[in-house]
Each structure stands twice: as structure tokens, then as C-alpha cells.
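File shown: coords-v7.cif. Contents: mmCIF, C-alpha atoms and all ligand atoms.
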data_my_file
#
loop_
_atom_site.label_atom_id
_atom_site.label_comp_id
_atom_site.auth_asym_id
_atom_site.auth_seq_id
_atom_site.Cartn_x
_atom_site.Cartn_y
_atom_site.Cartn_z
CA MET A 1392 -14.76 14.77 -29.99
CA PRO A 1393 -13.03 11.45 -29.32
CA SER A 1394 -9.79 11.04 -31.24
CA ASN A 1395 -8.35 7.90 -32.73
CA LYS A 1396 -5.07 8.52 -30.95
CA THR A 1397 -3.61 5.56 -29.06
CA MET A 1398 -0.85 4.93 -26.54
CA ARG A 1399 1.17 1.92 -25.41
CA ALA A 1400 0.14 0.09 -22.27
CA SER A 1401 0.94 -3.14 -20.49
CA VAL A 1402 -2.46 -4.79 -20.26
CA LEU A 1403 -3.45 -7.73 -18.08
CA VAL A 1404 -5.73 -9.50 -20.56
CA ASP A 1405 -6.32 -12.60 -18.47
CA VAL A 1406 -4.98 -14.27 -15.35
CA GLY A 1407 -1.20 -14.56 -15.78
CA ARG A 1408 -1.20 -12.87 -19.23
CA LEU A 1409 0.26 -9.39 -19.70
CA GLU A 1410 0.36 -7.98 -23.23
CA LEU A 1411 1.85 -4.81 -24.63
CA ARG A 1412 -1.06 -3.19 -26.47
CA ASP A 1413 -2.16 0.01 -28.16
CA VAL A 1414 -5.07 1.36 -26.17
CA PRO A 1415 -7.20 4.51 -26.52
CA PHE A 1416 -5.41 7.69 -25.47
CA PRO A 1417 -6.93 9.08 -22.24
CA GLU A 1418 -9.25 12.08 -22.63
CA PRO A 1419 -8.89 14.39 -19.62
CA GLY A 1420 -11.97 16.36 -18.53
CA PRO A 1421 -11.89 20.05 -17.54
CA ALA A 1422 -11.03 19.30 -13.87
CA ASP A 1423 -8.44 16.65 -14.81
CA VAL A 1424 -4.78 16.58 -15.58
CA LEU A 1425 -3.17 14.42 -18.23
CA VAL A 1426 -0.08 12.84 -16.69
CA ARG A 1427 2.85 11.34 -18.57
CA VAL A 1428 3.88 8.38 -16.43
CA ARG A 1429 7.45 8.38 -15.08
CA ALA A 1430 7.49 5.70 -12.36
CA VAL A 1431 5.15 2.94 -11.21
CA GLY A 1432 5.71 0.76 -8.18
CA LEU A 1433 4.81 -2.91 -8.50
CA CYS A 1434 2.93 -4.06 -5.44
CA GLY A 1435 1.65 -7.23 -3.80
CA THR A 1436 -1.86 -6.26 -4.88
CA ASP A 1437 -0.73 -6.28 -8.52
CA PHE A 1438 0.84 -9.71 -8.09
CA HIS A 1439 -2.34 -11.04 -6.46
CA ILE A 1440 -4.50 -9.74 -9.34
CA PHE A 1441 -2.02 -11.09 -11.92
CA ALA A 1442 -2.06 -14.55 -10.31
CA GLY A 1443 -5.85 -14.60 -10.09
CA HIS A 1444 -5.88 -14.61 -6.26
CA SER A 1445 -7.98 -11.47 -6.23
CA ASN A 1446 -9.98 -9.28 -8.57
CA TYR A 1447 -11.44 -6.00 -7.29
CA ASN A 1448 -13.27 -5.07 -10.49
CA THR A 1449 -16.94 -5.64 -9.74
CA ASP A 1450 -20.17 -4.69 -11.49
CA GLU A 1451 -23.12 -2.78 -9.93
CA ARG A 1452 -24.29 -5.99 -8.24
CA GLY A 1453 -20.89 -6.63 -6.71
CA ALA A 1454 -20.11 -9.57 -9.01
CA VAL A 1455 -16.50 -9.90 -10.16
CA VAL A 1456 -15.84 -8.87 -13.78
CA PRO A 1457 -13.32 -11.38 -15.21
CA LEU A 1458 -10.13 -10.05 -16.79
CA ASN A 1459 -10.87 -11.68 -20.14
CA LYS A 1460 -14.07 -9.65 -20.27
CA GLN A 1461 -12.53 -6.41 -19.07
CA PRO A 1462 -8.72 -6.33 -19.18
CA GLN A 1463 -6.93 -4.30 -16.51
CA ILE A 1464 -4.01 -1.89 -16.86
CA LEU A 1465 -2.32 -2.36 -13.49
CA GLY A 1466 -0.26 0.21 -11.58
CA HIS A 1467 -1.51 2.28 -8.65
CA GLU A 1468 1.75 3.70 -7.24
CA VAL A 1469 2.30 6.39 -9.81
CA VAL A 1470 4.61 9.35 -10.35
CA GLY A 1471 4.49 11.43 -13.52
CA ILE A 1472 4.69 14.79 -15.23
CA VAL A 1473 1.64 16.93 -15.95
CA GLU A 1474 1.37 17.10 -19.72
CA LYS A 1475 -1.89 19.03 -19.90
CA ALA A 1476 -4.11 20.65 -17.24
CA GLY A 1477 -7.84 21.10 -17.87
CA SER A 1478 -9.40 24.58 -17.73
CA GLU A 1479 -10.79 23.93 -14.22
CA ALA A 1480 -7.76 22.00 -12.91
CA LYS A 1481 -6.40 23.98 -9.97
CA GLY A 1482 -2.87 24.21 -8.65
CA LEU A 1483 -1.04 22.41 -11.44
CA SER A 1484 0.50 23.33 -14.77
CA PRO A 1485 2.25 21.42 -17.54
CA GLY A 1486 5.72 20.32 -16.53
CA ASP A 1487 4.86 19.83 -12.83
CA ARG A 1488 6.04 16.54 -11.37
CA VAL A 1489 3.29 14.82 -9.39
CA VAL A 1490 2.51 11.80 -7.28
CA LEU A 1491 -1.00 10.40 -7.67
CA ASP A 1492 -3.74 9.22 -5.34
CA GLN A 1493 -5.22 6.53 -7.57
CA GLY A 1494 -8.56 6.53 -5.74
CA LEU A 1495 -11.57 8.46 -7.01
CA ASN A 1496 -13.78 9.76 -4.20
CA CYS A 1497 -16.46 12.44 -3.69
CA VAL A 1498 -13.93 15.27 -3.66
CA SER A 1499 -12.28 14.01 -6.86
CA ALA A 1500 -15.70 13.90 -8.48
CA ASN A 1501 -16.74 17.27 -7.01
CA ARG A 1502 -19.85 15.56 -5.63
CA GLU A 1503 -22.16 17.55 -3.30
CA PRO A 1504 -22.85 16.62 -0.60
CA ILE A 1505 -19.91 14.31 -0.01
CA CYS A 1506 -20.67 10.80 1.28
CA GLU A 1507 -20.45 9.79 4.95
CA TYR A 1508 -17.03 8.13 4.48
CA CYS A 1509 -15.43 11.07 2.71
CA ALA A 1510 -16.95 13.34 5.38
CA THR A 1511 -15.14 11.41 8.13
CA GLY A 1512 -11.74 11.33 6.43
CA ASP A 1513 -11.97 7.82 5.01
CA SER A 1514 -11.57 8.66 1.35
CA HIS A 1515 -10.83 5.09 0.22
CA GLN A 1516 -14.10 3.83 1.68
CA CYS A 1517 -16.01 6.45 -0.35
CA ALA A 1518 -19.48 5.17 -1.21
CA PHE A 1519 -18.67 5.89 -4.88
CA TYR A 1520 -15.06 4.71 -4.72
CA ARG A 1521 -13.25 3.63 -7.86
CA GLU A 1522 -9.55 3.05 -8.19
CA HIS A 1523 -7.13 3.43 -11.10
CA GLY A 1524 -5.10 0.27 -11.68
CA ILE A 1525 -7.29 -1.91 -9.46
CA THR A 1526 -11.06 -1.69 -9.96
CA GLY A 1527 -11.08 -1.64 -13.76
CA LEU A 1528 -10.01 1.97 -14.35
CA PRO A 1529 -6.71 2.18 -16.26
CA GLY A 1530 -3.58 2.21 -14.09
CA GLY A 1531 -0.09 3.57 -14.47
CA LEU A 1532 1.52 0.84 -16.58
CA ALA A 1533 0.89 2.96 -19.66
CA GLU A 1534 2.36 6.05 -21.28
CA TYR A 1535 -0.34 8.37 -19.94
CA LEU A 1536 -3.08 8.58 -17.32
CA ALA A 1537 -5.89 11.14 -16.93
CA ILE A 1538 -6.95 11.85 -13.36
CA PRO A 1539 -8.71 14.63 -11.41
CA ALA A 1540 -6.23 17.40 -10.57
CA VAL A 1541 -7.08 17.10 -6.85
CA ASN A 1542 -5.72 13.53 -6.99
CA ALA A 1543 -2.30 14.80 -8.05
CA ILE A 1544 0.18 16.26 -5.55
CA LYS A 1545 2.95 18.44 -6.86
CA ILE A 1546 6.47 17.28 -5.96
CA THR A 1547 8.61 20.30 -5.13
CA SER A 1548 11.76 18.50 -3.95
CA ASP A 1549 14.30 16.67 -6.08
CA ILE A 1550 13.33 13.23 -4.74
CA ASP A 1551 14.02 10.39 -7.15
CA ASP A 1552 10.98 9.28 -9.23
CA ALA A 1553 11.37 5.67 -8.06
CA GLU A 1554 11.45 6.68 -4.39
CA ALA A 1555 8.51 9.04 -4.78
CA ALA A 1556 6.53 6.08 -6.18
CA LEU A 1557 6.66 4.64 -2.64
CA THR A 1558 4.31 7.43 -1.47
CA GLU A 1559 1.25 5.20 -1.84
CA PRO A 1560 2.71 2.17 0.01
CA LEU A 1561 3.92 4.42 2.84
CA GLY A 1562 0.49 6.08 2.85
CA CYS A 1563 -1.02 2.62 3.45
CA ILE A 1564 1.24 2.20 6.50
CA LEU A 1565 0.23 5.63 7.81
CA HIS A 1566 -3.45 4.86 7.28
CA SER A 1567 -3.36 1.44 8.93
CA SER A 1568 -1.39 2.82 11.87
CA ASN A 1569 -4.01 5.54 12.16
CA MET A 1570 -6.74 2.89 12.17
CA ALA A 1571 -4.91 1.17 15.03
CA SER A 1572 -4.63 4.37 17.05
CA ARG A 1573 -8.30 5.23 16.43
CA ALA A 1574 -9.41 1.86 17.83
CA ARG A 1575 -10.23 1.37 21.49
CA SER A 1576 -7.70 -1.22 22.56
CA ARG A 1577 -6.13 -2.36 25.81
CA TYR A 1578 -2.60 -1.41 24.71
CA SER A 1579 -1.58 1.64 22.76
CA LEU A 1580 1.57 3.37 21.59
CA ARG A 1581 0.78 6.71 23.16
CA GLU A 1582 -0.73 5.52 26.45
CA GLN A 1583 0.87 7.27 29.45
CA ALA A 1584 0.11 4.59 32.06
CA SER A 1585 3.00 2.16 31.72
CA ASN A 1586 0.79 -0.90 32.17
CA ASP A 1587 -1.16 -0.10 29.04
CA ARG A 1588 1.69 1.16 26.94
CA ILE A 1589 2.78 -1.09 24.08
CA ARG A 1590 6.12 -2.52 25.15
CA SER A 1591 6.63 -5.13 22.46
CA VAL A 1592 5.77 -5.10 18.79
CA LEU A 1593 6.10 -8.02 16.40
CA VAL A 1594 6.02 -7.33 12.68
CA CYS A 1595 5.47 -10.53 10.68
CA GLY A 1596 7.15 -10.11 7.31
CA ALA A 1597 9.83 -7.68 6.15
CA GLY A 1598 8.74 -7.11 2.58
CA PRO A 1599 8.27 -3.48 1.56
CA ALA A 1600 5.34 -3.13 4.01
CA GLY A 1601 7.20 -4.63 6.98
CA LEU A 1602 10.25 -2.46 6.27
CA LEU A 1603 8.04 0.61 6.11
CA PHE A 1604 6.33 -0.33 9.39
CA VAL A 1605 9.69 -0.68 11.16
CA GLN A 1606 10.81 2.77 10.00
CA TYR A 1607 7.41 4.29 10.75
CA LEU A 1608 7.46 2.94 14.31
CA ARG A 1609 11.04 4.02 14.98
CA ASN A 1610 11.29 7.33 13.14
CA VAL A 1611 7.75 8.66 12.92
CA ALA A 1612 5.79 7.24 15.87
CA GLY A 1613 8.86 7.51 18.11
CA TYR A 1614 8.43 3.98 19.46
CA ASP A 1615 11.61 2.98 21.32
CA GLY A 1616 10.48 -0.32 22.88
CA LEU A 1617 11.14 -3.86 21.74
CA LEU A 1618 10.52 -4.19 18.00
CA MET A 1619 10.74 -7.72 16.59
CA VAL A 1620 10.51 -8.72 12.95
CA SER A 1621 10.03 -12.25 11.72
CA GLU A 1622 11.22 -12.83 8.16
CA PRO A 1623 12.70 -15.88 6.41
CA ASN A 1624 14.54 -13.91 3.69
CA LYS A 1625 18.05 -12.87 4.78
CA LYS A 1626 18.25 -9.71 2.72
CA LYS A 1627 14.96 -8.41 4.12
CA ARG A 1628 15.88 -9.48 7.64
CA ASP A 1629 19.19 -7.61 7.46
CA LEU A 1630 17.43 -4.45 6.33
CA ALA A 1631 14.86 -4.75 9.14
CA ALA A 1632 17.76 -5.00 11.61
CA GLN A 1633 19.47 -1.97 10.06
CA PHE A 1634 16.24 -0.02 10.45
CA GLY A 1635 16.16 -0.82 14.17
CA ALA A 1636 14.39 -4.13 14.68
CA VAL A 1637 15.42 -7.41 16.30
CA ALA A 1638 15.24 -9.79 13.34
CA ILE A 1639 14.07 -13.38 13.79
CA ASP A 1640 14.59 -16.05 11.13
CA PRO A 1641 11.55 -18.35 11.31
CA ALA A 1642 13.34 -20.92 9.17
CA ALA A 1643 16.18 -21.29 11.66
CA THR A 1644 14.48 -20.62 15.01
CA ASP A 1645 11.08 -21.31 16.43
CA VAL A 1646 9.38 -17.90 16.27
CA VAL A 1647 7.07 -18.67 19.17
CA SER A 1648 9.96 -19.44 21.54
CA ALA A 1649 12.02 -16.52 20.20
CA VAL A 1650 9.18 -14.07 20.87
CA SER A 1651 8.51 -15.58 24.26
CA GLU A 1652 12.19 -15.28 25.20
CA LEU A 1653 12.60 -11.71 23.96
CA THR A 1654 9.49 -10.58 25.84
CA ALA A 1655 10.22 -12.56 29.02
CA GLY A 1656 7.12 -14.65 28.45
CA ARG A 1657 4.86 -11.64 27.95
CA ARG A 1658 4.52 -12.06 24.15
CA ALA A 1659 3.66 -9.24 21.74
CA ASP A 1660 1.35 -6.41 22.82
CA TYR A 1661 0.99 -5.36 19.20
CA LEU A 1662 1.31 -7.70 16.23
CA ILE A 1663 1.40 -6.43 12.66
CA GLU A 1664 0.65 -9.18 10.16
CA ALA A 1665 2.38 -8.02 6.97
CA THR A 1666 2.86 -11.33 5.16
CA GLY A 1667 -0.64 -12.30 4.03
CA SER A 1668 0.41 -15.87 4.77
CA GLY A 1669 -2.20 -18.25 6.12
CA LYS A 1670 0.46 -20.13 8.05
CA VAL A 1671 1.36 -17.00 10.00
CA LEU A 1672 -2.30 -16.39 10.78
CA SER A 1673 -2.52 -19.80 12.38
CA ILE A 1674 0.31 -19.14 14.87
CA ILE A 1675 -0.84 -15.67 15.95
CA PRO A 1676 -2.43 -17.08 19.16
CA GLN A 1677 1.02 -18.23 20.30
CA LEU A 1678 2.64 -14.90 19.55
CA ILE A 1679 0.36 -12.40 21.22
CA ARG A 1680 -0.54 -11.40 24.74
CA LYS A 1681 -4.17 -11.61 25.83
CA GLN A 1682 -6.15 -8.61 24.56
CA ALA A 1683 -3.25 -7.53 22.34
CA THR A 1684 -3.79 -5.44 19.23
CA VAL A 1685 -3.48 -7.29 15.92
CA LEU A 1686 -3.21 -5.32 12.71
CA LEU A 1687 -4.19 -7.49 9.76
CA TYR A 1688 -2.30 -5.70 7.02
CA GLY A 1689 -1.28 -8.38 4.51
CA HIS A 1690 -3.97 -9.82 2.26
CA GLY A 1691 -4.16 -13.36 0.93
CA HIS A 1692 -4.14 -15.92 3.78
CA VAL A 1693 -4.59 -18.90 1.52
CA GLY A 1694 -3.95 -22.36 2.89
CA VAL A 1695 -5.75 -22.22 6.25
CA ASP A 1696 -9.40 -22.69 7.04
CA MET A 1697 -11.48 -20.34 9.14
CA SER A 1698 -10.79 -22.38 12.27
CA ALA A 1699 -7.48 -20.47 12.44
CA LEU A 1700 -9.60 -17.71 13.93
CA ASN A 1701 -10.64 -19.74 16.97
CA GLY A 1702 -7.34 -19.45 18.77
CA ILE A 1703 -7.15 -15.75 17.97
CA MET A 1704 -10.68 -15.07 19.22
CA PHE A 1705 -9.97 -16.87 22.50
CA LEU A 1706 -7.44 -14.16 23.42
CA GLU A 1707 -9.84 -11.26 22.75
CA PRO A 1708 -7.42 -9.15 20.70
CA THR A 1709 -8.43 -5.87 19.12
CA LEU A 1710 -8.39 -6.80 15.44
CA ILE A 1711 -7.68 -3.98 13.04
CA ALA A 1712 -8.15 -4.33 9.29
CA SER A 1713 -7.11 -1.68 6.86
CA VAL A 1714 -6.84 -1.15 3.16
CA GLY A 1715 -5.22 1.57 1.08
CA ALA A 1716 -3.78 4.96 1.87
CA SER A 1717 -7.15 6.33 2.92
CA GLY A 1718 -7.42 9.64 4.69
CA SER A 1719 -8.95 13.08 4.81
CA PHE A 1720 -8.61 16.03 2.47
CA ASP A 1721 -6.34 19.04 2.64
CA HIS A 1722 -7.57 22.64 2.20
CA ASP A 1723 -7.12 22.26 -1.58
CA GLY A 1724 -8.98 18.91 -1.74
CA ARG A 1725 -5.79 16.88 -2.04
CA PRO A 1726 -5.25 13.70 0.03
CA VAL A 1727 -3.62 14.36 3.41
CA THR A 1728 -2.17 10.84 3.76
CA TYR A 1729 -0.30 10.98 0.44
CA ARG A 1730 1.03 14.45 1.17
CA ARG A 1731 2.29 13.33 4.58
CA ALA A 1732 3.86 10.17 3.15
CA LEU A 1733 5.63 12.12 0.40
CA GLY A 1734 6.94 14.54 3.04
CA LEU A 1735 8.36 11.71 5.16
CA LEU A 1736 10.18 10.29 2.13
CA GLU A 1737 11.51 13.73 1.19
CA GLU A 1738 12.77 14.36 4.74
CA GLY A 1739 14.47 10.96 4.76
CA LYS A 1740 12.55 9.87 7.87
CA VAL A 1741 11.56 6.81 5.89
CA GLN A 1742 14.17 5.45 3.49
CA VAL A 1743 13.12 3.34 0.57
CA GLY A 1744 16.06 3.54 -1.83
CA ARG A 1745 17.76 0.64 -0.07
CA PHE A 1746 15.00 -1.81 -0.83
CA ILE A 1747 14.17 -0.84 -4.40
CA THR A 1748 15.91 -3.86 -5.88
CA ASN A 1749 14.56 -3.96 -9.43
CA ARG A 1750 14.18 -1.10 -11.90
CA TYR A 1751 12.53 -1.75 -15.25
CA THR A 1752 12.94 0.87 -17.94
CA GLN A 1753 10.46 -0.39 -20.51
CA LEU A 1754 6.83 -1.49 -20.47
CA LYS A 1755 7.82 -4.64 -22.32
CA ALA A 1756 9.91 -5.68 -19.28
CA VAL A 1757 6.82 -5.77 -17.06
CA PRO A 1758 5.80 -9.42 -17.72
CA GLY A 1759 9.29 -10.56 -16.62
CA ALA A 1760 8.83 -8.81 -13.29
CA PHE A 1761 5.57 -10.65 -12.69
CA ALA A 1762 6.62 -14.01 -14.09
CA GLY A 1763 9.98 -14.57 -12.46
CA ASP A 1764 11.84 -11.72 -10.81
CA SER A 1765 9.43 -11.18 -7.93
CA SER A 1766 10.01 -14.68 -6.61
CA SER A 1767 13.81 -14.30 -6.52
CA PRO A 1768 15.38 -14.07 -3.04
CA GLU A 1769 17.10 -10.85 -4.15
CA TYR A 1770 13.83 -9.11 -5.04
CA ILE A 1771 12.18 -6.73 -2.59
CA LYS A 1772 10.54 -3.90 -4.55
CA GLY A 1773 10.31 -3.39 -8.30
CA ILE A 1774 9.68 -0.05 -10.00
CA VAL A 1775 8.88 0.52 -13.66
CA LEU A 1776 10.53 3.71 -14.92
CA LEU A 1777 9.32 5.13 -18.20
ZN ZN B 1801 0.32 -0.84 -3.61
ZN ZN B 1802 -17.31 9.70 -0.89
#

How does this structure look as C-alpha cells?
Ligand SMILES: [Zn+2]
Ligand SMILES: [Zn+2]
Amino acid sequence: MPSNKTMRASVLVDVGRLELRDVPFPEPGPADVLVRVRAVGLCGTDFHIFAGHSNYNTDERGAVVPLNKQPQILGHEVVGIVEKAGSEAKGLSPGDRVVLDQGLNCVSANREPICEYCATGDSHQCAFYREHGITGLPGGLAEYLAIPAVNAIKITSDIDDAEAALTEPLGCILHSSNMASRARSRYSLREQASNDRIRSVLVCGAGPAGLLFVQYLRNVAGYDGLLMVSEPNKKKRDLAAQFGAVAIDPAATDVVSAVSELTAGRRADYLIEATGSGKVLSIIPQLIRKQATVLLYGHGHVGVDMSALNGIMFLEPTLIASVGASGSFDHDGRPVTYRRALGLLEEGKVQVGRFITNRYTQLKAVPGAFAGDSSSPEYIKGIVLL
């Protein structure tokens, strides 16, 4: 029986318009848990949706559903406390602290047989995929969220809520790096033959993603070769250097010459595009070696036309595209990528506390984060703590 109970949520009612509203209280099913939200990371994807640059809520025909027709509660990097566990919800009880995989796939839905994407460990490409906080389903910028229990991973350490909220972004780095290592490419990180081993990496952009890539390469993948980061913001550049990269300021130096100099004319074997900037896309041909690997991680790329691809295509790179923290399923149906990412944060192999710059303690502070704070030079990562 549906109740008339409501909860508070920060709702994106139209492009650029967030409102604090009373919305229906979530009704968890028997295999679900009801989670009281504790921390939500604000992410580039949220900012893109807010600004109207993207909208991933589509109808059965694939047409975009406008926000003024179906408002969106954003928030897909979520940590919370289990308030209630359904009768068939396994492995969790009230009071457990959890990090969520916001994506609903065949295993979340208990679908039999599972689709071809779920069967190959690509849960976020599930043929029936839907995503809390992104594709229309309510996200974490609310008091509560109901989600299948298999989408919730119990946190057993004392990791800070805000840091644990970086599980999803780190999961995206793990997934995209996995996509790169699955691809057949001329150069690879693990290649034994020294000619084909990646000897120079260029990460474009040291926002949260770039800073996670640097730490992943150094501390997880064990990459000890030349690691360059190009980033105009000083604060981000300094952090990238502290995490083990050679930082280049594209506002002060010509990136193309800097990369050429650092690599003795060889250029980058592996370029990770983590800015989403169209301008960066257009200079990729001058930054990479022939048949390099290019990981297109950042989304956006406004401001350049498709001819930017010509110069890239001429060099025959292996182009990798990735989205989300996709992965396979653990023995208990829970997402492997999220579990691994959480573990890396708990072990301190990847440190995120140093770039969480903004903490918001109320839902009503959310519009301020979107409207102004995120464009400040001091801002790197914002977390809403409830
Ligand atoms: Zn995100
Ligand atoms: Zn599936």
C-alpha cells in the first residue's frame, strides 16, 4: 500500500534550476534496502546535466526526456546507512554503512538469463541498464534511496563517508584502465618487450579524474615510467606533482614542445584525455606517438568540429572510450569494480582526502555548489554530507 510519506530532496526541475522539494518516500521491494544518505559526491556528469550539456534520461525510443517533463534527483556517488532491509535482501542489516553501485543491471533485477553484457562483466552496458541519479531514477541528493541489496557494498573499515563517496569515481578509473588493457594496442603497460612497453604517459587534466589516474598508474598499476600531466590550475597541478607526475602548465608553456622535450621527441605512448575539452582534442595529434593508445575519458568536447578527428586518425591510435564503473559480479552478486575501488581507498593506495575541497552539510547548499563554487580555482571535488 503506497503511503503518503514524503522526504526532502534537491530536485533538478529544469536546466540550471535546482529546488528543494518534498518528494514521495521511496518504497523498497523485498530484495531492496532502504538507505539513509550520508554522503554524495558531486561529479562532472552532474554539472553537465545541470548545465543542459547532456541528458541521459531517454524514453523507449531513445528520445531525450526533458527535465521540465521529468525532473531529476542527481547524485550517483553515494554512501549511506541501511535503514531497512527487505525480506529477501541478503548480506545487509539495518545500521550497516554502505557504498552504492547506482546502476541497475540483470543481477540487480534478478533477471534470468542475464544479458550478453552482464554475462561478459560489463554491467554498465547491461541491455536493461538504468541508473540512479542519471537516467531518471532518483539519485542520492535526497534523504533516502531504495536500491537492490546487491547494489550496496558493506563498508567494514572506518573510512570517512566523504572519502568513501569517491568509490564510484575511482571505479570509473579502474574500469577505463581495464578497457585499455583489454584492447589490442601497439603499446601496453604490461608488455615485456621493451619496444612495446608504454614509456611515456600524458594525462590531460588534473581534476578528480586526472588525480585518480596518476595515483592509479603509480600505486596500483606499478607504472614507474615518465608520467606527465597537463593542467592549467595550480592547485591541481601541485597535487598531480605530489602524486608522482611531471606537471605541465599549458597556460605558461607550450604543451606540445614540453611533451616533445620530456620524451626526447618520441611523444606520448599513452594519452589519457581527462578534460572533456574540445581544444585538447584538437591538439592530440601533436602530443602522441604514431599508433599510441588514446583513452577518451572526459566527456563534453564542445567547441570543435568533427574535423578534429582527422589528425588523430592519421596516426592510427588505438582509441578507447569508457563510461562508468562497469565490471563483473562477485560471488554474492555485488559489483567487483566498486569493491576493488573501495578497498584501494581503505588501504590508502589512492588518496582522495587531499582533493575534497568543498563539503556541504545541507541539501539547501547544493544549488550554490552548482551555480558558483565549482568554477572557483580553489574547487576540486565537492561532497554533500547529510
Ligand atoms: Zn561520477
Ligand atoms: Zn544485463

Check which residues fall inside 8 Å of ligand ZN 1802 (chain B) when counting all atoms listed in the file, and print them as number ranges by chain.
A: 1496-1498, 1502, 1505-1510, 1514, 1516-1520

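Neighbouring residues of ligand ZN 1801 (chain B) at a cut-off of 8 Å, counting all atoms listed in the file, are Gly1432, Leu1433, Cys1434, Gly1435, Thr1436, Asp1437, His1467, Glu1468, Glu1559, Pro1560, Cys1563 and Gly1715 of chain A.
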
Identify which of the residues A:Leu1491, A:Ala1643, A:Val1428, A:Ala1442 lies closest to Glu1474 (chain A), counting all atoms listed in the file when measuring atom-to-atom distances.
A:Val1428

For Gly1667 (chain A), which of A:Gln1682, A:His1439, A:Pro1708, A:Lys1625 is the closest residue, counting all atoms listed in the file?
A:His1439

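Of the listed residues (A:Ala1760, A:Val1426, A:Leu1618, A:Ala1683), A:Val1426 comes nearest to Lys1545 (chain A); the distances count only C-alpha atoms.
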
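Within 9 Å of the point (5.2, 22.4, -18.3), and counting only C-alpha atoms, the protein, DNA and RNA residues are A:Ile1472, A:Val1473, A:Glu1474, A:Lys1475, A:Ser1484, A:Pro1485, A:Gly1486, A:Asp1487.
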
Would you compute the box with edges along x, y and z of the file around region 1565-1577 of chain A, including every atom the file lists for it and 8 Å extra on each side, and give its centre and edge lengths in Å to one decimal, as JSON?
{"center_x": -5.0, "center_y": 1.6, "center_z": 16.5, "size_x": 26.5, "size_y": 24.0, "size_z": 34.5}

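A straight line drawn from CA of Ala1422 (chain A) to CA of Val1470 (chain A) is 18.9 Å long.
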
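Minimum atom-to-atom distances from A:Asn1448, A:His1566, A:Gln1463, A:Glu1410 to Tyr1729 (chain A) were compared using all atoms listed in the file, and the lowest value belongs to A:His1566.
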
If you count only C-alpha atoms, which residues fall within 12 Å of Ser1568 (chain A), apart from same-chain ones fewer than 2 positions away, as a PyMOL selection string?
chain A and resi 1561-1566+1570-1574+1579-1580+1600+1603-1605+1607-1608+1611-1612+1661-1663+1684-1688+1711-1718+1728

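Using all atoms listed in the file, the nearest neighbour of Arg1412 (chain A) within the list A:Leu1754, A:Val1469, A:Ala1699, A:Ala1556 is A:Leu1754.
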
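Shortest separation to Ala1762 (chain A) among A:Val1406, A:Ile1774, A:Ala1400, A:Val1727 occurs at residue A:Val1406, atoms counted being only C-alpha atoms.
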